[in-house]
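Novice: Dropping in my_file.cif, which is mmCIF, C-alpha atoms:
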data_model
loop_
_atom_site.label_atom_id
_atom_site.label_comp_id
_atom_site.auth_asym_id
_atom_site.auth_seq_id
_atom_site.Cartn_x
_atom_site.Cartn_y
_atom_site.Cartn_z
CA MET A 1 0.00 0.00 0.00
CA ASP A 2 1.09 3.55 -0.59
CA GLU A 3 2.98 5.98 1.45
CA PRO A 4 2.00 9.21 -0.24
CA PRO A 5 4.98 11.41 -1.19
CA SER A 6 5.75 13.79 1.64
CA ASN A 7 8.26 16.50 0.94
CA ALA A 8 9.88 15.03 -2.15
CA PRO A 9 10.65 17.56 -4.90
CA GLY A 10 8.36 17.53 -7.94
CA PRO A 11 4.85 18.66 -8.67
CA VAL A 12 3.37 21.27 -6.37
CA ALA A 13 -0.17 20.71 -5.15
CA GLY A 14 -2.38 23.40 -6.62
CA GLY A 15 0.05 24.19 -9.45
CA PRO A 16 -0.98 24.06 -13.11
CA ILE A 17 -1.55 20.52 -14.34
CA PRO A 18 0.12 19.61 -17.65
CA LYS A 19 -2.07 18.16 -20.40
CA ALA A 20 -0.24 14.81 -20.30
CA VAL A 21 -1.07 14.49 -16.61
CA ALA A 22 -4.70 15.45 -17.25
CA SER A 23 -5.04 12.68 -19.82
CA ARG A 24 -3.66 10.16 -17.32
CA LEU A 25 -6.10 11.49 -14.70
CA SER A 26 -8.90 10.50 -17.09
CA LEU A 27 -7.51 6.96 -17.19
CA TYR A 28 -7.19 6.80 -13.39
CA LEU A 29 -10.75 8.04 -13.08
CA ARG A 30 -12.03 5.33 -15.43
CA GLU A 31 -10.19 2.62 -13.48
CA LEU A 32 -11.35 3.99 -10.13
CA GLN A 33 -14.95 3.98 -11.35
CA HIS A 34 -14.54 0.33 -12.38
CA LEU A 35 -13.08 -0.51 -8.96
CA ILE A 36 -15.99 1.17 -7.18
CA GLU A 37 -18.47 -0.74 -9.37
CA GLN A 38 -16.72 -3.91 -8.21
CA GLY A 39 -17.19 -2.89 -4.59
CA GLU A 40 -13.60 -1.85 -3.87
CA GLU A 41 -13.20 0.99 -1.37
CA THR A 42 -9.46 1.55 -1.53
CA THR A 43 -6.67 1.12 -4.02
CA SER A 44 -2.91 1.58 -4.21
CA SER A 45 -0.70 3.31 -6.73
CA SER A 46 0.73 -0.06 -7.75
CA GLN A 47 -2.74 -1.55 -8.33
CA LEU A 48 -3.87 1.50 -10.29
CA GLY A 49 -0.63 1.70 -12.26
CA GLY A 50 -0.55 -2.02 -12.90
CA LYS A 51 -3.93 -1.98 -14.62
CA LEU A 52 -2.86 0.88 -16.87
CA GLY A 53 0.73 -0.06 -17.53
CA PHE A 54 2.22 2.81 -15.50
CA THR A 55 4.75 2.54 -12.68
CA ASP A 56 3.48 3.27 -9.18
CA ALA A 57 6.00 6.13 -8.99
CA GLN A 58 4.27 7.69 -12.02
CA VAL A 59 0.86 7.33 -10.38
CA ARG A 60 2.06 8.86 -7.09
CA LYS A 61 3.68 11.75 -8.94
CA ASP A 62 0.55 12.47 -10.97
CA LEU A 63 -1.72 12.36 -7.93
CA ALA A 64 0.65 14.64 -6.02
CA TYR A 65 -0.38 17.48 -8.35
CA PHE A 66 -3.53 17.92 -6.37
CA GLY A 67 -2.58 17.11 -2.82
CA HIS A 68 -2.29 14.04 -0.66
CA PHE A 69 -4.98 11.44 -0.96
CA GLY A 70 -3.08 8.45 0.26
CA TYR A 71 -3.25 7.02 3.76
CA PRO A 72 -0.29 4.98 5.05
CA GLY A 73 -1.30 1.33 5.32
CA ILE A 74 -4.63 1.94 3.56
CA GLY A 75 -3.71 3.42 0.19
CA TYR A 76 -6.13 5.70 -1.58
CA ARG A 77 -9.85 5.97 -0.86
CA CYS A 78 -11.46 5.41 -4.26
CA ASP A 79 -14.42 7.74 -3.67
CA LYS A 80 -12.28 10.65 -2.48
CA LEU A 81 -9.88 10.24 -5.37
CA VAL A 82 -12.79 10.11 -7.86
CA ALA A 83 -14.25 13.32 -6.43
CA ALA A 84 -10.86 15.06 -6.53
CA ILE A 85 -10.11 14.03 -10.13
CA LYS A 86 -13.60 15.00 -11.29
CA LYS A 87 -13.16 18.43 -9.79
CA ILE A 88 -9.89 18.91 -11.68
CA LEU A 89 -11.29 17.64 -14.97
CA GLY A 90 -14.41 19.78 -14.54
CA THR A 91 -16.73 16.77 -14.63
CA ASP A 92 -18.10 17.54 -11.18
CA GLN A 93 -20.22 20.00 -13.18
CA GLN A 94 -22.95 19.14 -15.69
CA TRP A 95 -22.10 19.98 -19.30
CA SER A 96 -24.82 20.31 -21.91
CA ALA A 97 -23.62 19.71 -25.44
CA ALA A 98 -24.97 20.22 -28.95
CA LEU A 99 -24.08 17.71 -31.63
CA VAL A 100 -23.87 19.05 -35.18
CA GLY A 101 -24.12 16.46 -37.96
CA ALA A 102 -26.62 13.62 -37.67
CA GLY A 103 -24.89 11.21 -40.07
CA ASN A 104 -23.38 7.82 -39.17
CA LEU A 105 -20.84 9.23 -36.77
CA GLY A 106 -23.36 11.60 -35.20
CA ARG A 107 -25.75 8.71 -34.64
CA ALA A 108 -22.99 6.64 -33.06
CA LEU A 109 -22.14 9.53 -30.74
CA LEU A 110 -25.79 9.99 -29.75
CA GLY A 111 -25.96 6.27 -28.91
CA TYR A 112 -22.76 6.38 -26.88
CA LYS A 113 -23.51 5.72 -23.23
CA GLY A 114 -20.13 6.80 -21.90
CA PHE A 115 -20.81 10.54 -22.18
CA GLY A 116 -23.66 10.52 -19.67
CA ARG A 117 -21.62 8.54 -17.16
CA GLN A 118 -19.06 11.34 -17.06
CA GLY A 119 -21.54 14.20 -16.69
CA PHE A 120 -21.90 15.15 -20.35
CA ARG A 121 -25.35 15.37 -21.86
CA VAL A 122 -26.09 15.86 -25.54
CA VAL A 123 -29.30 17.90 -25.34
CA ALA A 124 -29.85 18.64 -29.03
CA ALA A 125 -28.63 17.56 -32.45
CA PHE A 126 -28.47 19.79 -35.52
CA ASP A 127 -28.32 19.12 -39.23
CA THR A 128 -28.93 21.01 -42.46
CA ASP A 129 -30.66 17.98 -44.04
CA THR A 130 -34.36 18.81 -43.72
CA THR A 131 -35.31 15.12 -43.99
CA LYS A 132 -33.56 14.57 -40.66
CA VAL A 133 -34.87 17.68 -38.94
CA GLY A 134 -37.70 16.86 -36.53
CA SER A 135 -36.66 13.25 -36.06
CA GLU A 136 -35.35 11.80 -32.81
CA ILE A 137 -32.18 9.74 -32.52
CA GLU A 138 -31.64 7.97 -29.19
CA SER A 139 -34.23 10.34 -27.66
CA VAL A 140 -32.35 13.43 -28.85
CA ARG A 141 -34.25 15.70 -31.23
CA VAL A 142 -32.65 16.83 -34.49
CA TYR A 143 -33.12 20.55 -35.19
CA ASN A 144 -32.35 22.73 -38.18
CA LEU A 145 -28.90 24.26 -37.84
CA ASP A 146 -30.51 27.70 -38.14
CA GLN A 147 -32.06 27.14 -34.71
CA LEU A 148 -28.68 26.63 -33.03
CA SER A 149 -28.23 30.12 -31.65
CA ASP A 150 -31.70 30.31 -30.09
CA LEU A 151 -31.62 26.81 -28.64
CA ALA A 152 -28.10 27.22 -27.27
CA LYS A 153 -29.46 29.90 -24.94
CA THR A 154 -32.65 28.06 -23.99
CA LEU A 155 -30.88 24.76 -23.33
CA ARG A 156 -27.76 26.34 -21.79
CA ILE A 157 -25.47 24.57 -24.25
CA ARG A 158 -21.81 24.88 -23.24
CA LEU A 159 -20.09 22.43 -25.60
CA GLY A 160 -20.35 21.70 -29.31
CA ILE A 161 -19.53 18.38 -30.97
CA ILE A 162 -18.73 18.62 -34.68
CA ALA A 163 -19.52 15.47 -36.69
CA VAL A 164 -19.81 16.97 -40.18
CA PRO A 165 -17.53 16.56 -43.22
CA ALA A 166 -14.22 18.45 -43.21
CA SER A 167 -15.46 21.00 -45.75
CA ALA A 168 -18.32 22.09 -43.46
CA ALA A 169 -16.44 22.05 -40.15
CA GLN A 170 -15.15 25.63 -39.98
CA GLY A 171 -18.56 27.05 -40.84
CA VAL A 172 -20.19 24.96 -38.12
CA ALA A 173 -17.46 25.97 -35.65
CA ASN A 174 -18.16 29.65 -36.38
CA ARG A 175 -21.85 29.12 -35.67
CA LEU A 176 -21.10 27.28 -32.44
CA VAL A 177 -18.82 30.12 -31.32
CA ALA A 178 -21.49 32.69 -32.19
CA ALA A 179 -23.94 30.61 -30.15
CA GLY A 180 -21.67 30.99 -27.13
CA VAL A 181 -20.15 27.54 -26.59
CA GLU A 182 -17.06 27.33 -24.36
CA GLY A 183 -15.45 24.36 -26.10
CA ILE A 184 -15.64 22.21 -29.21
CA LEU A 185 -14.94 18.51 -29.72
CA ASN A 186 -14.11 18.25 -33.41
CA PHE A 187 -14.36 14.93 -35.25
CA ALA A 188 -13.88 16.47 -38.70
CA PRO A 189 -10.41 15.70 -40.07
CA VAL A 190 -9.36 19.33 -40.31
CA THR A 191 -7.89 21.89 -37.92
CA ILE A 192 -10.46 24.57 -37.15
CA GLU A 193 -9.65 28.13 -36.15
CA LEU A 194 -11.30 29.41 -32.98
CA PRO A 195 -11.03 32.57 -30.90
CA ASP A 196 -8.74 32.25 -27.86
CA THR A 197 -11.74 32.16 -25.57
CA VAL A 198 -13.00 28.82 -26.95
CA ARG A 199 -11.15 25.54 -26.33
CA GLN A 200 -10.99 22.67 -28.76
CA VAL A 201 -10.09 19.00 -28.72
CA GLY A 202 -9.76 17.25 -32.08
CA VAL A 203 -10.39 13.55 -32.64
CA ASP A 204 -9.25 12.39 -36.06
CA LEU A 205 -9.88 8.67 -36.37
CA ALA A 206 -7.40 8.26 -39.22
CA ILE A 207 -4.74 9.89 -37.06
CA GLU A 208 -5.43 7.39 -34.28
CA LEU A 209 -4.81 4.55 -36.74
CA GLU A 210 -1.65 6.28 -37.95
CA GLN A 211 -0.38 6.41 -34.38
CA LEU A 212 -1.00 2.67 -34.18
CA SER A 213 0.93 1.93 -37.39
CA PHE A 214 3.68 4.24 -36.10
CA ALA A 215 3.85 2.26 -32.84
CA ILE A 216 4.16 -0.95 -34.84
CA VAL A 217 6.77 0.16 -37.38
CA SER A 218 8.86 2.22 -34.95
CA ARG A 219 9.14 -0.79 -32.64
CA ALA A 220 9.86 -3.12 -35.57
CA GLU A 221 12.79 -0.94 -36.60
CA GLY A 222 14.37 -1.37 -33.19
CA SER A 223 15.79 1.59 -31.23
CA MET B 224 10.85 30.63 -46.08
CA ASP B 225 12.80 28.16 -44.02
CA GLU B 226 16.43 27.68 -43.45
CA PRO B 227 16.49 24.12 -42.19
CA PRO B 228 18.38 23.69 -38.92
CA SER B 229 21.99 22.84 -39.68
CA ASN B 230 24.12 21.83 -36.73
CA ALA B 231 21.97 23.15 -33.92
CA PRO B 232 21.70 20.86 -30.88
CA GLY B 233 18.47 18.91 -30.53
CA PRO B 234 16.86 15.95 -32.28
CA VAL B 235 19.17 13.65 -34.19
CA ALA B 236 18.04 12.52 -37.63
CA GLY B 237 17.41 8.80 -37.51
CA GLY B 238 17.00 8.73 -33.72
CA PRO B 239 13.88 7.40 -32.02
CA ILE B 240 10.87 9.66 -32.47
CA PRO B 241 8.87 10.46 -29.33
CA LYS B 242 5.12 9.79 -29.38
CA ALA B 243 4.30 13.49 -29.00
CA VAL B 244 6.32 14.24 -32.13
CA ALA B 245 4.63 11.37 -34.00
CA SER B 246 1.21 12.80 -33.22
CA ARG B 247 2.28 16.20 -34.56
CA LEU B 248 3.64 14.48 -37.69
CA SER B 249 0.10 13.21 -38.30
CA LEU B 250 -1.18 16.79 -38.13
CA TYR B 251 1.55 18.03 -40.49
CA LEU B 252 0.71 15.22 -42.89
CA ARG B 253 -2.97 16.15 -42.89
CA GLU B 254 -2.17 19.81 -43.58
CA LEU B 255 0.35 18.92 -46.31
CA GLN B 256 -2.24 16.73 -48.02
CA HIS B 257 -4.70 19.65 -47.93
CA LEU B 258 -2.05 21.95 -49.41
CA ILE B 259 -1.31 19.49 -52.23
CA GLU B 260 -5.05 19.19 -52.98
CA GLN B 261 -5.07 22.97 -53.30
CA GLY B 262 -2.23 22.81 -55.84
CA GLU B 263 0.55 24.01 -53.53
CA GLU B 264 4.00 22.56 -54.22
CA THR B 265 5.97 24.06 -51.36
CA THR B 266 5.35 25.25 -47.82
CA SER B 267 7.27 26.82 -44.97
CA SER B 268 7.49 25.95 -41.30
CA SER B 269 5.67 29.19 -40.46
CA GLN B 270 2.81 28.42 -42.88
CA LEU B 271 2.52 24.85 -41.60
CA GLY B 272 2.79 25.91 -37.95
CA GLY B 273 0.41 28.82 -38.41
CA LYS B 274 -2.39 26.55 -39.62
CA LEU B 275 -1.93 24.24 -36.63
CA GLY B 276 -1.17 26.75 -33.90
CA PHE B 277 2.49 25.70 -33.51
CA THR B 278 5.52 27.99 -33.71
CA ASP B 279 7.76 27.59 -36.76
CA ALA B 280 10.60 26.65 -34.41
CA GLN B 281 8.49 23.71 -33.21
CA VAL B 282 7.79 22.61 -36.77
CA ARG B 283 11.47 22.81 -37.74
CA LYS B 284 12.50 20.88 -34.64
CA ASP B 285 9.95 18.13 -35.30
CA LEU B 286 10.94 17.77 -38.94
CA ALA B 287 14.62 17.66 -37.99
CA TYR B 288 13.99 14.23 -36.44
CA PHE B 289 14.13 12.68 -39.85
CA GLY B 290 16.62 14.74 -41.76
CA HIS B 291 16.63 17.91 -43.75
CA PHE B 292 13.78 18.52 -46.10
CA GLY B 293 13.95 22.28 -46.32
CA TYR B 294 15.56 24.21 -49.14
CA PRO B 295 16.81 27.75 -48.43
CA GLY B 296 14.58 30.24 -50.23
CA ILE B 297 12.09 27.56 -51.25
CA GLY B 298 10.93 25.99 -48.00
CA TYR B 299 9.73 22.41 -47.92
CA ARG B 300 8.61 20.42 -50.95
CA CYS B 301 5.14 19.16 -49.95
CA ASP B 302 5.38 15.86 -51.85
CA LYS B 303 8.78 14.94 -50.40
CA LEU B 304 7.68 15.81 -46.91
CA VAL B 305 4.47 13.75 -47.29
CA ALA B 306 6.48 10.74 -48.46
CA ALA B 307 8.95 11.09 -45.59
CA ILE B 308 6.24 11.44 -42.92
CA LYS B 309 4.27 8.49 -44.33
CA LYS B 310 7.37 6.32 -44.17
CA ILE B 311 7.86 7.21 -40.50
CA LEU B 312 4.22 6.68 -39.59
CA GLY B 313 4.14 3.41 -41.52
CA THR B 314 1.38 4.59 -43.85
CA ASP B 315 3.54 4.09 -46.94
CA GLN B 316 2.43 0.48 -46.43
CA GLN B 317 -1.10 -0.90 -46.89
CA TRP B 318 -2.76 -2.01 -43.65
CA SER B 319 -5.72 -4.36 -43.71
CA ALA B 320 -7.91 -4.12 -40.67
CA ALA B 321 -10.74 -6.13 -39.13
CA LEU B 322 -13.51 -4.30 -37.33
CA VAL B 323 -15.18 -6.15 -34.47
CA GLY B 324 -18.60 -4.89 -33.42
CA ALA B 325 -21.11 -3.83 -36.08
CA GLY B 326 -23.24 -1.57 -33.85
CA ASN B 327 -23.68 2.18 -34.25
CA LEU B 328 -20.03 3.01 -33.73
CA GLY B 329 -18.89 0.14 -35.96
CA ARG B 330 -21.18 1.36 -38.73
CA ALA B 331 -19.85 4.88 -38.37
CA LEU B 332 -16.29 3.58 -38.61
CA LEU B 333 -17.11 1.52 -41.71
CA GLY B 334 -18.57 4.64 -43.32
CA TYR B 335 -15.58 6.77 -42.41
CA LYS B 336 -13.73 7.81 -45.58
CA GLY B 337 -10.61 9.04 -43.83
CA PHE B 338 -9.14 5.59 -43.18
CA GLY B 339 -8.78 4.74 -46.87
CA ARG B 340 -7.09 8.04 -47.62
CA GLN B 341 -4.30 7.16 -45.20
CA GLY B 342 -3.73 3.61 -46.47
CA PHE B 343 -5.95 1.74 -44.02
CA ARG B 344 -8.55 -0.65 -45.37
CA VAL B 345 -11.21 -2.35 -43.29
CA VAL B 346 -11.54 -5.64 -45.15
CA ALA B 347 -13.98 -7.46 -42.87
CA ALA B 348 -16.36 -6.80 -39.99
CA PHE B 349 -17.23 -9.29 -37.26
CA ASP B 350 -20.11 -9.58 -34.84
CA THR B 351 -21.64 -12.24 -32.62
CA ASP B 352 -25.18 -11.10 -33.51
CA THR B 353 -26.31 -13.66 -36.11
CA THR B 354 -28.91 -11.24 -37.51
CA LYS B 355 -26.03 -9.02 -38.65
CA VAL B 356 -23.80 -11.81 -39.96
CA GLY B 357 -23.92 -12.05 -43.77
CA SER B 358 -25.01 -8.45 -44.25
CA GLU B 359 -22.88 -5.79 -45.88
CA ILE B 360 -22.25 -2.36 -44.37
CA GLU B 361 -20.61 0.19 -46.67
CA SER B 362 -19.53 -2.71 -48.92
CA VAL B 363 -17.82 -4.53 -46.04
CA ARG B 364 -19.19 -7.97 -45.21
CA VAL B 365 -20.09 -8.85 -41.61
CA TYR B 366 -18.82 -12.29 -40.53
CA ASN B 367 -19.39 -14.38 -37.44
CA LEU B 368 -16.68 -13.70 -34.88
CA ASP B 369 -15.83 -17.42 -34.96
CA GLN B 370 -14.49 -16.94 -38.49
CA LEU B 371 -11.97 -14.30 -37.38
CA SER B 372 -8.94 -16.55 -37.12
CA ASP B 373 -9.41 -18.16 -40.54
CA LEU B 374 -10.22 -14.92 -42.33
CA ALA B 375 -7.36 -13.05 -40.69
CA LYS B 376 -4.97 -15.36 -42.53
CA THR B 377 -6.81 -15.31 -45.87
CA LEU B 378 -7.26 -11.54 -45.87
CA ARG B 379 -3.83 -10.78 -44.35
CA ILE B 380 -5.39 -8.75 -41.55
CA ARG B 381 -2.76 -6.81 -39.59
CA LEU B 382 -4.89 -4.51 -37.42
CA GLY B 383 -7.97 -4.98 -35.28
CA ILE B 384 -10.51 -2.27 -34.43
CA ILE B 385 -12.58 -2.95 -31.33
CA ALA B 386 -16.03 -1.33 -31.31
CA VAL B 387 -17.80 -3.57 -28.80
CA PRO B 388 -19.05 -2.78 -25.26
CA ALA B 389 -16.45 -2.57 -22.50
CA SER B 390 -17.46 -5.92 -21.02
CA ALA B 391 -16.67 -7.75 -24.28
CA ALA B 392 -13.48 -5.89 -25.18
CA GLN B 393 -10.84 -8.07 -23.51
CA GLY B 394 -12.32 -11.25 -24.96
CA VAL B 395 -12.32 -9.73 -28.44
CA ALA B 396 -8.76 -8.49 -27.93
CA ASN B 397 -7.65 -12.02 -27.02
CA ARG B 398 -9.20 -13.39 -30.21
CA LEU B 399 -7.56 -10.68 -32.31
CA VAL B 400 -4.19 -11.48 -30.76
CA ALA B 401 -4.72 -15.21 -31.40
CA ALA B 402 -5.58 -14.31 -35.01
CA GLY B 403 -2.18 -12.67 -35.33
CA VAL B 404 -2.89 -8.92 -35.51
CA GLU B 405 0.03 -6.57 -34.90
CA GLY B 406 -1.96 -3.75 -33.36
CA ILE B 407 -5.37 -2.87 -31.94
CA LEU B 408 -7.35 0.37 -32.04
CA ASN B 409 -9.65 0.11 -29.05
CA PHE B 410 -12.83 2.20 -28.83
CA ALA B 411 -14.18 0.35 -25.78
CA PRO B 412 -13.88 2.48 -22.63
CA VAL B 413 -11.62 0.02 -20.83
CA THR B 414 -7.89 -0.68 -20.76
CA ILE B 415 -7.18 -4.03 -22.40
CA GLU B 416 -4.19 -6.22 -21.63
CA LEU B 417 -2.10 -7.35 -24.57
CA PRO B 418 1.16 -9.25 -24.99
CA ASP B 419 4.21 -7.02 -25.50
CA THR B 420 4.31 -7.94 -29.17
CA VAL B 421 0.98 -6.26 -29.95
CA ARG B 422 0.57 -2.48 -29.89
CA GLN B 423 -2.57 -0.66 -28.87
CA VAL B 424 -4.06 2.80 -29.19
CA GLY B 425 -7.16 3.55 -27.15
CA VAL B 426 -9.82 6.07 -28.14
CA ASP B 427 -12.28 6.77 -25.34
CA LEU B 428 -14.77 9.36 -26.50
CA ALA B 429 -15.78 10.30 -22.95
CA ILE B 430 -12.12 10.94 -22.13
CA GLU B 431 -11.84 13.28 -25.12
CA LEU B 432 -14.76 15.28 -23.73
CA GLU B 433 -13.17 15.25 -20.27
CA GLN B 434 -10.00 16.71 -21.75
CA LEU B 435 -12.14 19.47 -23.25
CA SER B 436 -13.84 20.29 -19.95
CA PHE B 437 -10.39 20.20 -18.31
CA ALA B 438 -9.10 22.71 -20.87
CA ILE B 439 -12.05 24.97 -20.11
CA VAL B 440 -11.98 24.82 -16.31
CA SER B 441 -8.18 24.89 -15.95
CA ARG B 442 -8.05 28.03 -18.07
CA ALA B 443 -10.98 29.56 -16.21
CA GLU B 444 -9.11 29.12 -12.93
CA GLY B 445 -6.22 31.15 -14.30
CA SER B 446 -2.51 30.22 -14.38
#
Please, can you express the file's structure as structure tokens?

Specialist:
Amino acid sequence: MDEPPSNAPGPVAGGPIPKAVASRLSLYLRELQHLIEQGEETTSSSQLGGKLGFTDAQVRKDLAYFGHFGYPGIGYRCDKLVAAIKKILGTDQQWSAALVGAGNLGRALLGYKGFGRQGFRVVAAFDTDTTKVGSEIESVRVYNLDQLSDLAKTLRIRLGIIAVPASAAQGVANRLVAAGVEGILNFAPVTIELPDTVRQVGVDLAIELEQLSFAIVSRAEGS
Amino acid sequence: MDEPPSNAPGPVAGGPIPKAVASRLSLYLRELQHLIEQGEETTSSSQLGGKLGFTDAQVRKDLAYFGHFGYPGIGYRCDKLVAAIKKILGTDQQWSAALVGAGNLGRALLGYKGFGRQGFRVVAAFDTDTTKVGSEIESVRVYNLDQLSDLAKTLRIRLGIIAVPASAAQGVANRLVAAGVEGILNFAPVTIELPDTVRQVGVDLAIELEQLSFAIVSRAEGS
């Protein structure tokens, strides 16, 4: 079980958290939620790291960014750690999102159960295809894109999810920004330009596969 | 236009390429392919960086990992740079992939045009749902999961894409490994265990949204 780091040099509790650490926090959170589902109340950095392929030193260092959650002889309390990580990731809040693009990918995203588990709720979908407008997909209504600005206010939409072709993505992003969203998750395979006040995360599925082929060939070539 | 770095300290051409650099190479590749489609023959590190929000120093440093592609007064030749990046990422080769899970997400992935553009080809889909077996989705046939091992050999499948629920993911991963795949792209929101010889990239859509909310709240809190 863990002895939390005491006065070792390294990350300072309350300091800014690097993006790489934040993405590992998401993985810890997912594992902790699994452990809780299985009835576990405590965990250790070696258990947590072992499941994810990280060393326990890495886990301790990451968790030290936001204070001391370990108890000597007990390890970490899963529920406290979950609450602390959620606060850092912002998922202790509810986030309402608008999905733009009700094609195959949009449908898949609307059917995706994982969003709700983490506090995200897609409250409306938008499309320019009038044959889709008015329909419901997975209990989410599809509206005309022209209604975005009005509905964003009524439904308190804070996030936009772009699932349209690359050629339409920047135009949709501009409309989402005008509608007041704080962040955009962009599935279109193109980099969109946003004002500094709006955050974006891009998910390009071809790039994910490229990173896989890179991992295979770079290992094959030795080093 | 760029003067490529000459004997400045930093990355060594031919040395191992860090993952963070590899993921930026994917972004450069995407931009270069857009530029070529638009009829551009050359680019500069500042043009490339500007489109992606990176400094030109960052672009030059990243490209220096694999030798000198810049020409003083001309910049970078787009076609040469594309070829060099593809070689590093392994996408100068053809990769045949099997998709497991023909639900909403699987359908979206089969309809996704971006894979083919980068040299990836989903040659077969698999499901345990016998009502789906025998059907075709986007011209890809759905087979019974029991046929995976045989078909993997016949179709020379090198990659597996997991689009099944979390509870089924490890079992599917084991079957893909037994069928001889070299790498797995895992969309199930769970960490799967693989032998050291098989690479994996995980895409958890809820985690992508969490990283977006993190970017929003961490900025909002200052620093």

Novice: Using atom CA of A:Val203 and atom CA of B:Leu428 as the two end points, give the distance in Å to one decimal.

Specialist: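 Those two atoms sit 8.6 Å apart.
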
Novice: Run the PyMOL selection byres ((chain A) within 8 of (chain B)) mentally over the shown coordinates, then write out the matched residues as an MDAnalysis selection string, using the chain letters and numbers from the document.

Specialist: chainID A and resid 16 22:23 26:27 30:31 51:52 88:91 104:105 107:109 111 114:115 118 120 182:185 189:191 198:201 203 205:218 223

Novice: May I have the residues within 10 Å of stretch 150-156 of chain A as a list of chain:residue names, using all atoms listed in the file and disregarding those fewer than 4 positions away in the same chain?

Specialist: A:Trp95, A:Ser96, A:Ala97, A:Ala98, A:Val123, A:Ala124, A:Tyr143, A:Leu145, A:Asp146, A:Gly160, A:Leu176, A:Ala178, A:Ala179, A:Gly180, A:Val181

Novice: Applying 12 Å and all atoms listed in the file, which residues near A:Gly134 remain after dropping the ones on its own chain fewer than 4 positions away? List them as number ranges by chain.

Specialist: A: 102, 124-130, 139-145, 147

Novice: Quick one: of B:Arg344, B:Lys284, B:Arg300, B:Lys355, who's nearest to B:Glu263, counting only C-alpha atoms?

Specialist: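 Answer, going by the shortest atom-to-atom distance: B:Arg300.
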
Novice: In Å, rounded to a single decimal, give me how far atom CA of B:Val387 is from atom CA of A:Asp79.

Specialist: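 It comes out at 27.8 Å.
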
Novice: Atom CA of B:Thr266 and atom CA of B:Tyr299, how far apart in Å?

Specialist: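 Computed distance, atom CA of B:Tyr299 to atom CA of B:Thr266, equals 5.2 Å.
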
Novice: Nearest to A:Gly49 among A:Tyr28, A:Ile85, A:Ala163, A:Tyr65, with distances taken over all atoms listed in the file: which residue is it?

Specialist: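 Residue with the minimum atom-to-atom distance to A:Gly49: A:Tyr28.
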
Novice: Find the spatial neighbours of A:Cys78, counting only C-alpha atoms, within a cut-off of 9 Å - ignore same-chain residues fewer than 3 positions away - and output them as a list in words.

Specialist: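 That gives Leu32, Gln33, Leu35, Ile36, Glu40, Glu41, Thr42, Thr43, Leu81, Val82 and Ala83 of chain A.
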
Novice: Looking at all atoms listed in the file, which of B:Gly394, B:Gln261, B:Ser268, B:Ala389 is the one that sits closest to B:Tyr294?

Specialist: B:Ser268
